[in-house]
$ cat protein.txt   # compact mmCIF, C-alpha atoms
# COMPACT_ATOMS: atom_id res chain seq x y z
CA MET A 1328 -240.64 -138.21 -47.60
CA ARG A 1329 -242.11 -141.35 -49.14
CA LEU A 1330 -240.99 -141.62 -52.73
CA PRO A 1331 -243.51 -142.85 -55.33
CA PHE A 1332 -242.71 -145.96 -57.33
CA THR A 1333 -242.00 -145.11 -60.93
CA ALA A 1334 -242.44 -147.48 -63.84
CA LEU A 1335 -238.72 -148.13 -63.66
CA ALA A 1336 -238.88 -148.98 -59.99
CA PHE A 1337 -241.52 -151.61 -60.73
CA ALA A 1338 -239.53 -152.85 -63.68
CA CYS A 1339 -236.56 -153.35 -61.40
CA LEU A 1340 -238.56 -155.93 -59.48
CA SER A 1341 -238.34 -158.28 -62.43
CA THR A 1342 -234.55 -157.99 -62.69
CA VAL A 1343 -233.82 -160.14 -59.64
CA ALA A 1344 -233.33 -163.79 -60.40
CA PHE A 1345 -234.57 -165.17 -57.13
CA ALA A 1346 -232.97 -168.52 -57.89
CA GLN A 1347 -229.68 -166.72 -57.34
CA SER A 1348 -228.46 -165.93 -53.86
CA ASP A 1349 -227.50 -162.70 -52.21
CA VAL A 1350 -223.96 -162.66 -50.84
CA ALA A 1351 -223.42 -161.22 -47.36
CA VAL A 1352 -219.74 -160.57 -46.60
CA LEU A 1353 -218.85 -160.41 -42.92
CA LEU A 1354 -216.15 -158.22 -41.41
CA ASP A 1355 -213.72 -161.13 -41.28
CA GLY A 1356 -214.22 -161.82 -45.00
CA SER A 1357 -216.39 -164.93 -44.61
CA ARG A 1358 -219.48 -165.14 -46.80
CA ILE A 1359 -223.12 -166.18 -46.47
CA GLU A 1360 -224.59 -167.04 -49.87
CA GLN A 1361 -228.32 -167.11 -49.13
CA ARG A 1362 -231.14 -164.76 -50.04
CA VAL A 1363 -231.73 -161.95 -47.54
CA THR A 1364 -235.39 -162.01 -46.48
CA GLN A 1365 -235.52 -159.30 -43.82
CA ILE A 1366 -233.58 -156.54 -42.10
CA GLU A 1367 -235.12 -155.33 -38.87
CA GLY A 1368 -233.85 -154.20 -35.50
CA GLY A 1369 -230.30 -154.19 -36.83
CA LYS A 1370 -230.52 -157.93 -37.69
CA VAL A 1371 -230.23 -159.51 -41.13
CA THR A 1372 -232.28 -162.68 -41.70
CA PHE A 1373 -231.69 -165.21 -44.48
CA GLU A 1374 -233.93 -167.64 -46.36
CA GLY A 1375 -231.76 -170.70 -45.70
CA ASP A 1376 -230.18 -172.19 -42.62
CA ALA A 1377 -227.76 -169.33 -41.89
CA LYS A 1378 -228.23 -167.69 -38.52
CA PRO A 1379 -229.26 -164.02 -38.41
CA VAL A 1380 -226.31 -161.62 -38.20
CA ASP A 1381 -225.90 -158.05 -37.03
CA LEU A 1382 -226.07 -155.54 -39.86
CA LEU A 1383 -223.01 -153.84 -38.36
CA GLY A 1384 -221.25 -157.22 -38.45
CA LEU A 1385 -221.29 -157.05 -42.25
CA ARG A 1386 -219.06 -155.32 -44.74
CA ARG A 1387 -221.57 -155.53 -47.55
CA ILE A 1388 -224.48 -157.32 -49.18
CA GLU A 1389 -224.17 -158.06 -52.91
CA ARG A 1390 -227.35 -158.79 -54.87
CA PRO A 1391 -228.03 -160.42 -58.27
CA VAL A 1392 -229.77 -157.33 -59.67
CA GLU A 1393 -229.16 -156.29 -63.26
CA ALA A 1394 -228.36 -152.70 -64.15
CA SER A 1395 -231.27 -150.65 -65.45
CA GLU A 1396 -231.27 -148.38 -68.49
CA ALA A 1397 -232.64 -145.27 -66.80
CA GLU A 1398 -232.10 -142.07 -68.77
CA ALA A 1399 -230.25 -139.27 -67.01
CA SER A 1400 -229.05 -135.81 -67.95
CA ALA A 1401 -226.87 -134.99 -64.93
CA ARG A 1402 -224.81 -136.50 -62.13
CA VAL A 1403 -225.15 -135.03 -58.65
CA PHE A 1404 -222.12 -135.71 -56.42
CA LEU A 1405 -222.74 -135.64 -52.68
CA VAL A 1406 -220.60 -134.48 -49.77
CA GLY A 1407 -219.08 -137.52 -48.07
CA GLY A 1408 -219.54 -139.72 -51.14
CA GLY A 1409 -222.38 -140.96 -53.29
CA MET A 1410 -223.71 -139.89 -56.67
CA ILE A 1411 -227.23 -139.63 -58.08
CA ARG A 1412 -228.00 -139.92 -61.78
CA ALA A 1413 -230.74 -137.35 -62.33
CA SER A 1414 -233.08 -136.63 -65.23
CA ALA A 1415 -233.78 -133.13 -63.89
CA VAL A 1416 -231.92 -130.88 -61.44
CA ALA A 1417 -232.81 -127.45 -60.06
CA LEU A 1418 -230.84 -125.42 -57.51
CA ASP A 1419 -231.60 -122.38 -55.42
CA GLU A 1420 -229.62 -120.83 -52.60
CA ASN A 1421 -230.81 -123.46 -50.11
CA HIS A 1422 -231.80 -126.67 -51.89
CA CYS A 1423 -231.07 -129.08 -54.69
CA THR A 1424 -234.25 -130.65 -56.08
CA LEU A 1425 -233.74 -133.55 -58.44
CA THR A 1426 -235.71 -136.21 -60.25
CA TRP A 1427 -234.13 -139.65 -60.50
CA ALA A 1428 -235.22 -143.18 -61.38
CA TYR A 1429 -237.19 -143.59 -58.15
CA GLY A 1430 -238.99 -140.28 -57.83
CA GLU A 1431 -238.16 -136.80 -56.58
CA LEU A 1432 -235.56 -135.98 -53.94
CA LYS A 1433 -234.93 -132.64 -52.23
CA LEU A 1434 -231.54 -132.18 -50.61
CA PRO A 1435 -230.04 -129.26 -48.69
CA LEU A 1436 -227.51 -127.50 -50.87
CA SER A 1437 -224.91 -128.15 -48.17
CA ALA A 1438 -225.17 -131.88 -49.01
CA VAL A 1439 -224.12 -131.32 -52.65
CA ARG A 1440 -220.44 -131.31 -53.63
CA GLY A 1441 -220.93 -130.79 -57.35
CA ILE A 1442 -223.03 -131.40 -60.45
CA GLN A 1443 -221.93 -132.67 -63.84
CA LEU A 1444 -224.49 -131.43 -66.33
CA SER A 1445 -224.24 -134.56 -68.45
CA ASP A 1446 -224.37 -138.29 -67.79
CA GLU A 1447 -221.31 -139.05 -69.88
CA THR A 1448 -218.51 -141.04 -68.22
CA ASP A 1449 -216.42 -142.11 -71.22
CA ALA A 1450 -213.26 -139.98 -71.05
CA ARG A 1451 -212.94 -140.20 -74.84
CA LYS A 1452 -216.29 -138.43 -75.27
CA LEU A 1453 -215.79 -135.76 -72.62
CA PRO A 1454 -214.47 -132.35 -73.66
CA ALA A 1455 -210.85 -131.46 -73.01
CA GLY A 1456 -210.37 -130.19 -69.47
CA ALA A 1457 -213.21 -132.26 -68.01
CA ASP A 1458 -210.68 -134.08 -65.85
CA ALA A 1459 -210.18 -130.85 -63.87
CA PHE A 1460 -213.85 -130.92 -62.88
CA LEU A 1461 -213.66 -134.58 -61.88
CA ALA A 1462 -210.54 -133.94 -59.80
CA ASP A 1463 -212.27 -131.00 -58.13
CA VAL A 1464 -215.48 -132.83 -57.31
CA ASN A 1465 -213.55 -135.78 -55.85
CA GLY A 1466 -211.07 -133.64 -53.94
CA ALA A 1467 -211.24 -131.43 -50.89
CA ALA A 1468 -213.67 -128.53 -51.12
CA SER A 1469 -212.10 -125.31 -52.37
CA GLU A 1470 -212.64 -121.91 -50.78
CA THR A 1471 -214.89 -120.77 -53.64
CA ASP A 1472 -217.55 -122.23 -55.89
CA ARG A 1473 -216.41 -123.10 -59.41
CA LEU A 1474 -218.39 -123.01 -62.63
CA TYR A 1475 -217.01 -125.16 -65.46
CA VAL A 1476 -217.95 -123.80 -68.88
CA SER A 1477 -217.34 -125.44 -72.25
CA ILE A 1478 -215.72 -123.04 -74.74
CA ASP A 1479 -214.73 -124.41 -78.16
CA ASN A 1480 -215.11 -127.94 -76.77
CA LYS A 1481 -212.68 -127.20 -73.95
CA VAL A 1482 -213.72 -126.91 -70.32
CA GLN A 1483 -212.58 -123.81 -68.44
CA SER A 1484 -213.33 -122.94 -64.81
CA LEU A 1485 -214.50 -119.71 -63.22
CA GLN A 1486 -214.12 -119.07 -59.50
CA GLY A 1487 -216.89 -117.19 -57.77
CA VAL A 1488 -220.18 -117.65 -55.97
CA PHE A 1489 -223.08 -119.78 -57.19
CA LEU A 1490 -226.41 -117.89 -57.09
CA ASP A 1491 -229.09 -119.90 -58.91
CA MET A 1492 -229.66 -122.60 -61.53
CA ALA A 1493 -232.88 -122.87 -63.54
CA ALA A 1494 -233.79 -125.06 -66.51
CA ASP A 1495 -231.95 -122.85 -69.03
CA LYS A 1496 -229.76 -120.42 -67.08
CA ILE A 1497 -227.13 -120.42 -64.35
CA LYS A 1498 -226.49 -117.28 -62.32
CA PHE A 1499 -222.95 -116.97 -61.01
CA GLN A 1500 -221.10 -114.11 -59.35
CA TYR A 1501 -217.73 -113.70 -61.03
CA GLU A 1502 -215.25 -110.86 -60.47
CA ASP A 1503 -217.79 -109.03 -58.27
CA ALA A 1504 -220.45 -109.02 -60.96
CA GLU A 1505 -223.49 -111.22 -61.48
CA ARG A 1506 -223.20 -113.25 -64.67
CA THR A 1507 -225.81 -115.32 -66.47
CA VAL A 1508 -224.58 -118.38 -68.38
CA ASP A 1509 -226.61 -120.55 -70.72
CA ARG A 1510 -226.96 -123.89 -69.01
CA ALA A 1511 -226.22 -125.63 -72.31
CA ARG A 1512 -222.70 -124.13 -72.23
CA ALA A 1513 -221.99 -125.28 -68.66
CA PHE A 1514 -220.25 -128.61 -68.11
CA GLY A 1515 -220.74 -128.55 -64.35
CA LEU A 1516 -220.17 -126.76 -61.10
CA THR A 1517 -218.64 -127.52 -57.72
CA LEU A 1518 -219.70 -126.00 -54.44
CA THR A 1519 -217.60 -125.13 -51.45
CA THR A 1520 -218.88 -126.70 -48.23
CA THR A 1521 -218.67 -125.03 -44.84
CA GLY A 1522 -220.14 -127.82 -42.75
CA LYS A 1523 -218.49 -130.97 -41.48
CA ARG A 1524 -218.42 -134.13 -43.54
CA PRO A 1525 -221.32 -136.34 -42.47
CA GLU A 1526 -220.63 -139.05 -39.89
CA LEU A 1527 -220.94 -142.30 -41.83
CA THR A 1528 -220.49 -144.82 -39.00
CA GLY A 1529 -223.61 -146.93 -38.68
CA SER A 1530 -224.83 -146.00 -42.15
CA ALA A 1531 -224.63 -147.79 -45.50
CA LEU A 1532 -223.79 -146.79 -49.06
CA VAL A 1533 -226.60 -148.21 -51.16
CA LYS A 1534 -225.82 -148.75 -54.85
CA PHE A 1535 -228.93 -148.83 -57.00
CA ALA A 1536 -229.69 -150.57 -60.28
CA ASP A 1537 -229.76 -147.24 -62.15
CA GLY A 1538 -226.12 -146.54 -61.20
CA SER A 1539 -226.81 -144.09 -58.39
CA SER A 1540 -225.39 -144.47 -54.88
CA LEU A 1541 -226.51 -142.86 -51.64
CA TRP A 1542 -225.45 -142.96 -47.98
CA VAL A 1543 -228.44 -143.84 -45.81
CA LYS A 1544 -229.48 -145.19 -42.45
CA ILE A 1545 -231.25 -148.54 -42.94
CA GLU A 1546 -234.45 -148.80 -40.93
CA LYS A 1547 -235.86 -152.10 -42.18
CA MET A 1548 -236.39 -154.32 -45.20
CA GLN A 1549 -239.36 -156.64 -45.45
CA THR A 1550 -242.00 -157.71 -47.99
CA GLY A 1551 -239.73 -156.58 -50.82
CA LEU A 1552 -239.41 -152.96 -49.65
CA ILE A 1553 -236.50 -151.21 -47.97
CA ALA A 1554 -237.13 -148.22 -45.70
CA MET A 1555 -234.22 -145.80 -45.29
CA LYS A 1556 -233.36 -142.28 -44.21
CA THR A 1557 -230.86 -140.06 -45.97
CA LEU A 1558 -228.14 -138.48 -43.83
CA ASN A 1559 -230.18 -135.27 -43.80
CA ASP A 1560 -233.08 -137.28 -42.29
CA GLN A 1561 -235.37 -137.66 -45.32
CA ALA A 1562 -237.33 -140.90 -45.30
CA MET A 1563 -237.68 -143.01 -48.43
CA THR A 1564 -239.10 -146.42 -49.24
CA LEU A 1565 -237.92 -148.20 -52.39
CA PRO A 1566 -238.14 -151.71 -53.88
CA TRP A 1567 -235.48 -154.02 -52.43
CA ALA A 1568 -235.14 -155.28 -56.01
CA ALA A 1569 -233.68 -151.89 -57.00
CA VAL A 1570 -230.68 -152.41 -54.68
CA GLN A 1571 -227.58 -153.93 -56.26
CA ARG A 1572 -225.23 -153.58 -53.32
CA LEU A 1573 -225.19 -152.33 -49.77
CA ASP A 1574 -221.84 -151.34 -48.19
CA VAL A 1575 -222.04 -151.02 -44.42
CA ARG A 1576 -219.86 -148.56 -42.49
CA SER A 1577 -219.61 -150.45 -39.21
CA ASP A 1578 -218.31 -149.07 -35.92
CA ARG A 1579 -216.44 -152.38 -35.68
CA MET A 1580 -214.33 -151.58 -38.74
CA MET A 1581 -212.24 -148.64 -39.91
CA PHE A 1582 -210.48 -148.16 -43.24
CA LEU A 1583 -206.91 -146.95 -42.88
CA SER A 1584 -207.41 -144.72 -45.91
CA ASP A 1585 -209.86 -142.71 -43.77
CA LEU A 1586 -207.09 -141.98 -41.24
CA GLU A 1587 -204.18 -139.56 -41.48
CA PRO A 1588 -200.75 -141.17 -41.11
CA VAL A 1589 -198.64 -139.78 -38.28
CA ASP A 1590 -195.35 -140.73 -39.96
CA VAL A 1591 -194.57 -141.10 -43.66
CA TYR A 1592 -191.29 -142.33 -45.16
CA GLU A 1593 -190.95 -142.68 -48.93
CA LYS A 1594 -187.81 -143.22 -50.97
CA ALA A 1595 -187.60 -144.54 -54.50
CA ILE A 1596 -185.16 -144.63 -57.40
CA ALA A 1597 -187.93 -145.02 -60.00
CA TYR A 1598 -190.04 -142.29 -58.37
CA ILE A 1599 -193.66 -142.15 -59.51
CA GLY A 1600 -195.17 -139.99 -56.80
CA PRO A 1601 -196.35 -140.01 -53.19
CA TRP A 1602 -198.73 -142.53 -51.64
CA GLN A 1603 -202.39 -142.28 -52.63
CA ARG A 1604 -205.60 -142.67 -50.68
CA ASP A 1605 -208.11 -145.06 -52.36
CA ARG A 1606 -206.07 -144.90 -55.59
CA SER A 1607 -202.95 -146.52 -57.01
CA VAL A 1608 -199.68 -144.61 -56.75
CA ARG A 1609 -200.34 -143.36 -60.29
CA GLY A 1610 -203.72 -142.00 -59.21
CA LYS A 1611 -205.75 -144.70 -60.96
CA PRO A 1612 -208.32 -147.08 -59.39
CA LEU A 1613 -206.68 -149.70 -57.17
CA ARG A 1614 -206.65 -152.91 -59.18
CA ILE A 1615 -205.06 -156.27 -58.32
CA ALA A 1616 -205.39 -159.35 -60.57
CA GLY A 1617 -208.42 -157.86 -62.32
CA ARG A 1618 -210.29 -156.85 -59.15
CA THR A 1619 -210.90 -153.17 -58.39
CA PHE A 1620 -210.95 -151.85 -54.82
CA ASP A 1621 -212.87 -148.72 -53.81
CA LYS A 1622 -210.83 -148.37 -50.61
CA GLY A 1623 -207.18 -148.88 -49.83
CA LEU A 1624 -203.70 -147.39 -50.10
CA GLY A 1625 -201.50 -147.23 -53.19
CA VAL A 1626 -197.75 -146.83 -52.63
CA HIS A 1627 -194.37 -147.18 -54.33
CA ALA A 1628 -191.51 -149.02 -52.68
CA THR A 1629 -189.89 -148.04 -50.42
CA SER A 1630 -192.84 -146.80 -48.39
CA ARG A 1631 -193.67 -146.78 -44.69
CA LEU A 1632 -196.94 -145.32 -43.44
CA SER A 1633 -197.58 -145.23 -39.68
CA PHE A 1634 -200.95 -144.69 -38.01
CA ASN A 1635 -202.07 -144.22 -34.42
CA VAL A 1636 -204.83 -146.77 -33.83
CA ASP A 1637 -207.31 -147.45 -31.07
CA PRO A 1638 -206.28 -150.62 -29.19
CA LYS A 1639 -209.92 -151.75 -29.29
CA PHE A 1640 -209.25 -152.95 -32.84
CA THR A 1641 -207.95 -156.49 -32.65
CA ALA A 1642 -206.99 -157.29 -36.25
CA LEU A 1643 -205.90 -155.82 -39.55
CA ALA A 1644 -207.23 -157.26 -42.80
CA ALA A 1645 -206.35 -156.43 -46.39
CA THR A 1646 -205.93 -157.76 -49.92
CA ILE A 1647 -202.37 -157.04 -51.00
CA GLY A 1648 -200.62 -157.25 -54.35
CA ILE A 1649 -198.90 -155.47 -57.23
CA ASP A 1650 -201.18 -153.06 -59.06
CA ASP A 1651 -202.26 -154.18 -62.52
CA GLU A 1652 -200.97 -150.90 -63.98
CA THR A 1653 -197.43 -152.37 -63.88
CA LYS A 1654 -198.43 -154.95 -66.54
CA ASN A 1655 -197.00 -157.94 -64.69
CA LYS A 1656 -193.87 -156.19 -63.48
CA GLY A 1657 -192.75 -155.42 -59.95
CA ASP A 1658 -191.53 -157.33 -56.90
CA CYS A 1659 -192.34 -156.10 -53.39
CA GLU A 1660 -192.13 -157.20 -49.79
CA PHE A 1661 -195.15 -156.25 -47.68
CA VAL A 1662 -194.52 -155.79 -43.96
CA VAL A 1663 -196.84 -154.98 -41.03
CA LEU A 1664 -195.31 -153.63 -37.80
CA GLY A 1665 -197.12 -153.10 -34.51
CA ASP A 1666 -195.43 -150.80 -32.00
CA GLY A 1667 -192.16 -151.58 -33.77
CA ARG A 1668 -192.62 -155.38 -33.74
CA GLU A 1669 -192.83 -157.28 -37.03
CA LEU A 1670 -196.24 -158.93 -37.22
CA PHE A 1671 -196.30 -159.95 -40.88
CA LYS A 1672 -193.96 -160.16 -43.87
CA GLN A 1673 -194.52 -161.59 -47.34
CA ARG A 1674 -192.87 -161.14 -50.71
CA ILE A 1675 -195.35 -160.55 -53.55
CA ARG A 1676 -194.96 -160.67 -57.33
CA PRO A 1677 -197.68 -160.09 -59.97
CA SER A 1678 -197.91 -163.87 -60.51
CA ASP A 1679 -199.09 -164.21 -56.90
CA GLY A 1680 -202.27 -162.29 -57.74
CA MET A 1681 -204.36 -161.16 -54.78
CA VAL A 1682 -203.20 -162.24 -51.33
CA GLU A 1683 -205.69 -162.00 -48.46
CA ILE A 1684 -204.06 -161.24 -45.12
CA ARG A 1685 -205.31 -161.05 -41.56
CA VAL A 1686 -202.94 -159.90 -38.82
CA LYS A 1687 -203.62 -160.00 -35.08
CA LEU A 1688 -202.89 -156.65 -33.45
CA GLU A 1689 -203.14 -157.49 -29.72
CA GLY A 1690 -203.38 -153.98 -28.28
CA VAL A 1691 -201.22 -152.28 -30.89
CA LYS A 1692 -201.25 -148.47 -30.64
CA LYS A 1693 -198.94 -147.56 -33.54
CA LEU A 1694 -199.34 -149.51 -36.76
CA THR A 1695 -196.89 -149.31 -39.66
CA LEU A 1696 -197.50 -150.58 -43.19
CA ALA A 1697 -194.27 -150.97 -45.13
CA VAL A 1698 -193.58 -151.94 -48.73
CA GLU A 1699 -189.93 -152.70 -49.46
CA ALA A 1700 -188.32 -153.20 -52.86
CA GLY A 1701 -187.65 -156.74 -54.03
CA GLU A 1702 -185.32 -157.69 -56.87
CA ASP A 1703 -184.47 -155.29 -59.72
CA LEU A 1704 -184.39 -152.31 -57.36
CA ASP A 1705 -187.83 -150.66 -57.08
CA PHE A 1706 -188.84 -150.49 -60.74
CA ALA A 1707 -192.62 -151.02 -61.15
CA ASP A 1708 -192.96 -151.70 -57.42
CA HIS A 1709 -196.50 -150.32 -57.17
CA GLY A 1710 -197.82 -151.95 -54.00
CA ASP A 1711 -201.54 -151.92 -53.17
CA TRP A 1712 -203.09 -152.39 -49.74
CA GLY A 1713 -206.58 -153.14 -51.04
CA ASP A 1714 -209.46 -152.70 -48.58
CA VAL A 1715 -206.95 -152.35 -45.74
CA ARG A 1716 -208.97 -152.05 -42.55
CA LEU A 1717 -208.98 -152.39 -38.79
CA ILE A 1718 -211.45 -154.83 -37.24
CA ARG A 1719 -212.87 -155.08 -33.75
CA GLU A 1720 -213.69 -158.77 -33.41
$ encode --input "protein.txt" --output "C-alpha cells"
Amino acid sequence: MRLPFTALAFACLSTVAFAQSDVAVLLDGSRIEQRVTQIEGGKVTFEGDAKPVDLLGLRRIERPVEASEAEASARVFLVGGGMIRASAVALDENHCTLTWAYGELKLPLSAVRGIQLSDETDARKLPAGADAFLADVNGAASETDRLYVSIDNKVQSLQGVFLDMAADKIKFQYEDAERTVDRARAFGLTLTTTGKRPELTGSALVKFADGSSLWVKIEKMQTGLIAMKTLNDQAMTLPWAAVQRLDVRSDRMMFLSDLEPVDVYEKAIAYIGPWQRDRSVRGKPLRIAGRTFDKGLGVHATSRLSFNVDPKFTALAATIGIDDETKNKGDCEFVVLGDGRELFKQRIRPSDGMVEIRVKLEGVKKLTLAVEAGEDLDFADHGDWGDVRLIRE
C-alpha cells in the first residue's frame, strides 16, 4: 500500500536543516556524523568521506528533524512495540483502520495491543486509574480483552470480549451479554493476542516527526523517500524528512533485557523490589546522568542476574551508573562474570555519571551481571545497566 503524502508530510520536508548532520551509531558505539544520502541493498551511504556501512552494523540513525504538531485523537499501541498517533480509528473483528499524519493505514487486529482514546500523555491531566491501562498495554497480554471506561473521572476496567468500535459506539461482551458503550465514555481498550510476538531481528523501529513509531523492514531510501514494509507486509513510502530516528534490530546484537535470566539472586536491606526489564528498580524509565535509556536492566544491590548466551557473541557493551531517581545517593560495584570468571569490576557513584563499558566475552556461555553494595550498606543502590547488549563483532 503506497501512502499518499499529506500536507503535513510535505511540511516535514522543510524541518530538516540539511546543514546539520545525521548521526549513525555503530554497534560498537562509534559514530559517523555525516548526512545519510542512500540506503539500498542493506548498505548505508553518506554524503562525506565515510565509507558505506551495513545497515545491520548500526544501532541507530539519529536525524536533525524537528517534531511536528500533528493533531491526534488516539494512540494505537502495537504488539511487539511501537505506537501510532491517529486522528481517526475504526475497528472491526479483523482489522484496525486508522488515519495518521502520513495517510491511512490498515492493520490486522492481531497486530494491535491496545488503543488509548485520547492523545494525552501528561499524568496530571489523565483521569484517576489511567495508570492501570498504561500498565496493561505495556505488559503481557491478558487472557481477556479489557475495556477501560471513565466513570466520575475515574477509569474502571471491564473484562470481556471486544466486538466492534465505530465512530460513536463500542460493542463489548461483558458477563455473557452484549453491551454498547458510548465511545466518549471509554478511555481505551486492550486486546488479548493469541499469535506470537513478531520477529524483530533485521527490522527497524522508525520514530517519526509526529511522535509515532513503527517496526518496519527497510527496503531503500533514495531521492528523499524511504520505502518500507510493515511487519504484516504492507508497503509504504514516506518522506525521509519525516524520520527522526531509526533504531535497527541487528542479528549481530541482542539486548539482555530481551532474554530470560536462568539464575536470579537478590538480597537487600533497603528493599525496593525485584529487578526490572527496561525500567529502573522503581519501575521508572532508566535514567543515568540525565540520559534516558529505552533498553536495559534496573536492579538494587545486591543483585546477580545470570544468562545463557550464544558463544557467537564476542563482547558485552553497556552504559552503567546509579539511577537519577536516587538524587545523587548510592554507591555500587558493578561486576561482569563469564563462566564464573571475573571479566570486569568497577565501583560507581552518582558523581561518576555514565560509564561506558565494553567487555570481551571470548566464548562465554554463562554470563552474570552483578551489582554489589558499596559503602553505607545498600541504601539508594539503584544500579542501571543501560543499553546492556551482546555484540557479535
$ atom_distance --input "protein.txt" --atom1 "atom CA of Ser1469 of chain A" --atom2 "atom CA of Val1482 of chain A"
18.1 Å
$ closest_residue --input "protein.txt" --among "A:Cys1659, A:Val1392, A:Ile1359, A:Leu1664" --to "Asp1679 of chain A" --atoms "all atoms listed in the file"
A:Cys1659
$ closest_residue --input "protein.txt" --among "A:Lys1594, A:Arg1512, A:Lys1556, A:Arg1390" --to "Thr1629 of chain A" --atoms "all atoms listed in the file"
A:Lys1594
$ atom_distance --input "protein.txt" --atom1 "atom CA of Met1563 of chain A" --atom2 "atom CA of Phe1373 of chain A"
23.3 Å
$ atom_distance --input "protein.txt" --atom1 "atom CA of Arg1716 of chain A" --atom2 "atom CA of Leu1586 of chain A"
10.3 Å
$ residues_around --input "protein.txt" --residues "segment 1612-1614 of chain A" --least-positions-apart "6" --cutoff "12 Å" --atoms "only C-alpha atoms" --output "NGL selection string"
:A and (1603-1606 or 1620-1626 or 1646-1654 or 1677 or 1680-1681 or 1709-1715)
$ residues_around --input "protein.txt" --residues "segment 1572-1580 of chain A" --least-positions-apart "3" --cutoff "6 Å" --atoms "all atoms listed in the file" --output "CSV table (one decimal) with C-alpha atoms, keeping the file's coordinate frame"
chain,number,residue,atom,x,y,z
A,1383,LEU,CA,-223.0,-153.8,-38.4
A,1386,ARG,CA,-219.1,-155.3,-44.7
A,1387,ARG,CA,-221.6,-155.5,-47.6
A,1388,ILE,CA,-224.5,-157.3,-49.2
A,1389,GLU,CA,-224.2,-158.1,-52.9
A,1390,ARG,CA,-227.4,-158.8,-54.9
A,1528,THR,CA,-220.5,-144.8,-39.0
A,1529,GLY,CA,-223.6,-146.9,-38.7
A,1530,SER,CA,-224.8,-146.0,-42.2
A,1531,ALA,CA,-224.6,-147.8,-45.5
A,1532,LEU,CA,-223.8,-146.8,-49.1
A,1533,VAL,CA,-226.6,-148.2,-51.2
A,1534,LYS,CA,-225.8,-148.8,-54.8
A,1717,LEU,CA,-209.0,-152.4,-38.8
A,1718,ILE,CA,-211.4,-154.8,-37.2
A,1719,ARG,CA,-212.9,-155.1,-33.8
$ axis_aligned_box --input "protein.txt" --around "segment 1488-1505 of chain A" --padding-each-side "3 Å" --output "JSON"
{"center_x": -224.5, "center_y": -117.0, "center_z": -62.5, "size_x": 24.5, "size_y": 22.0, "size_z": 19.1}
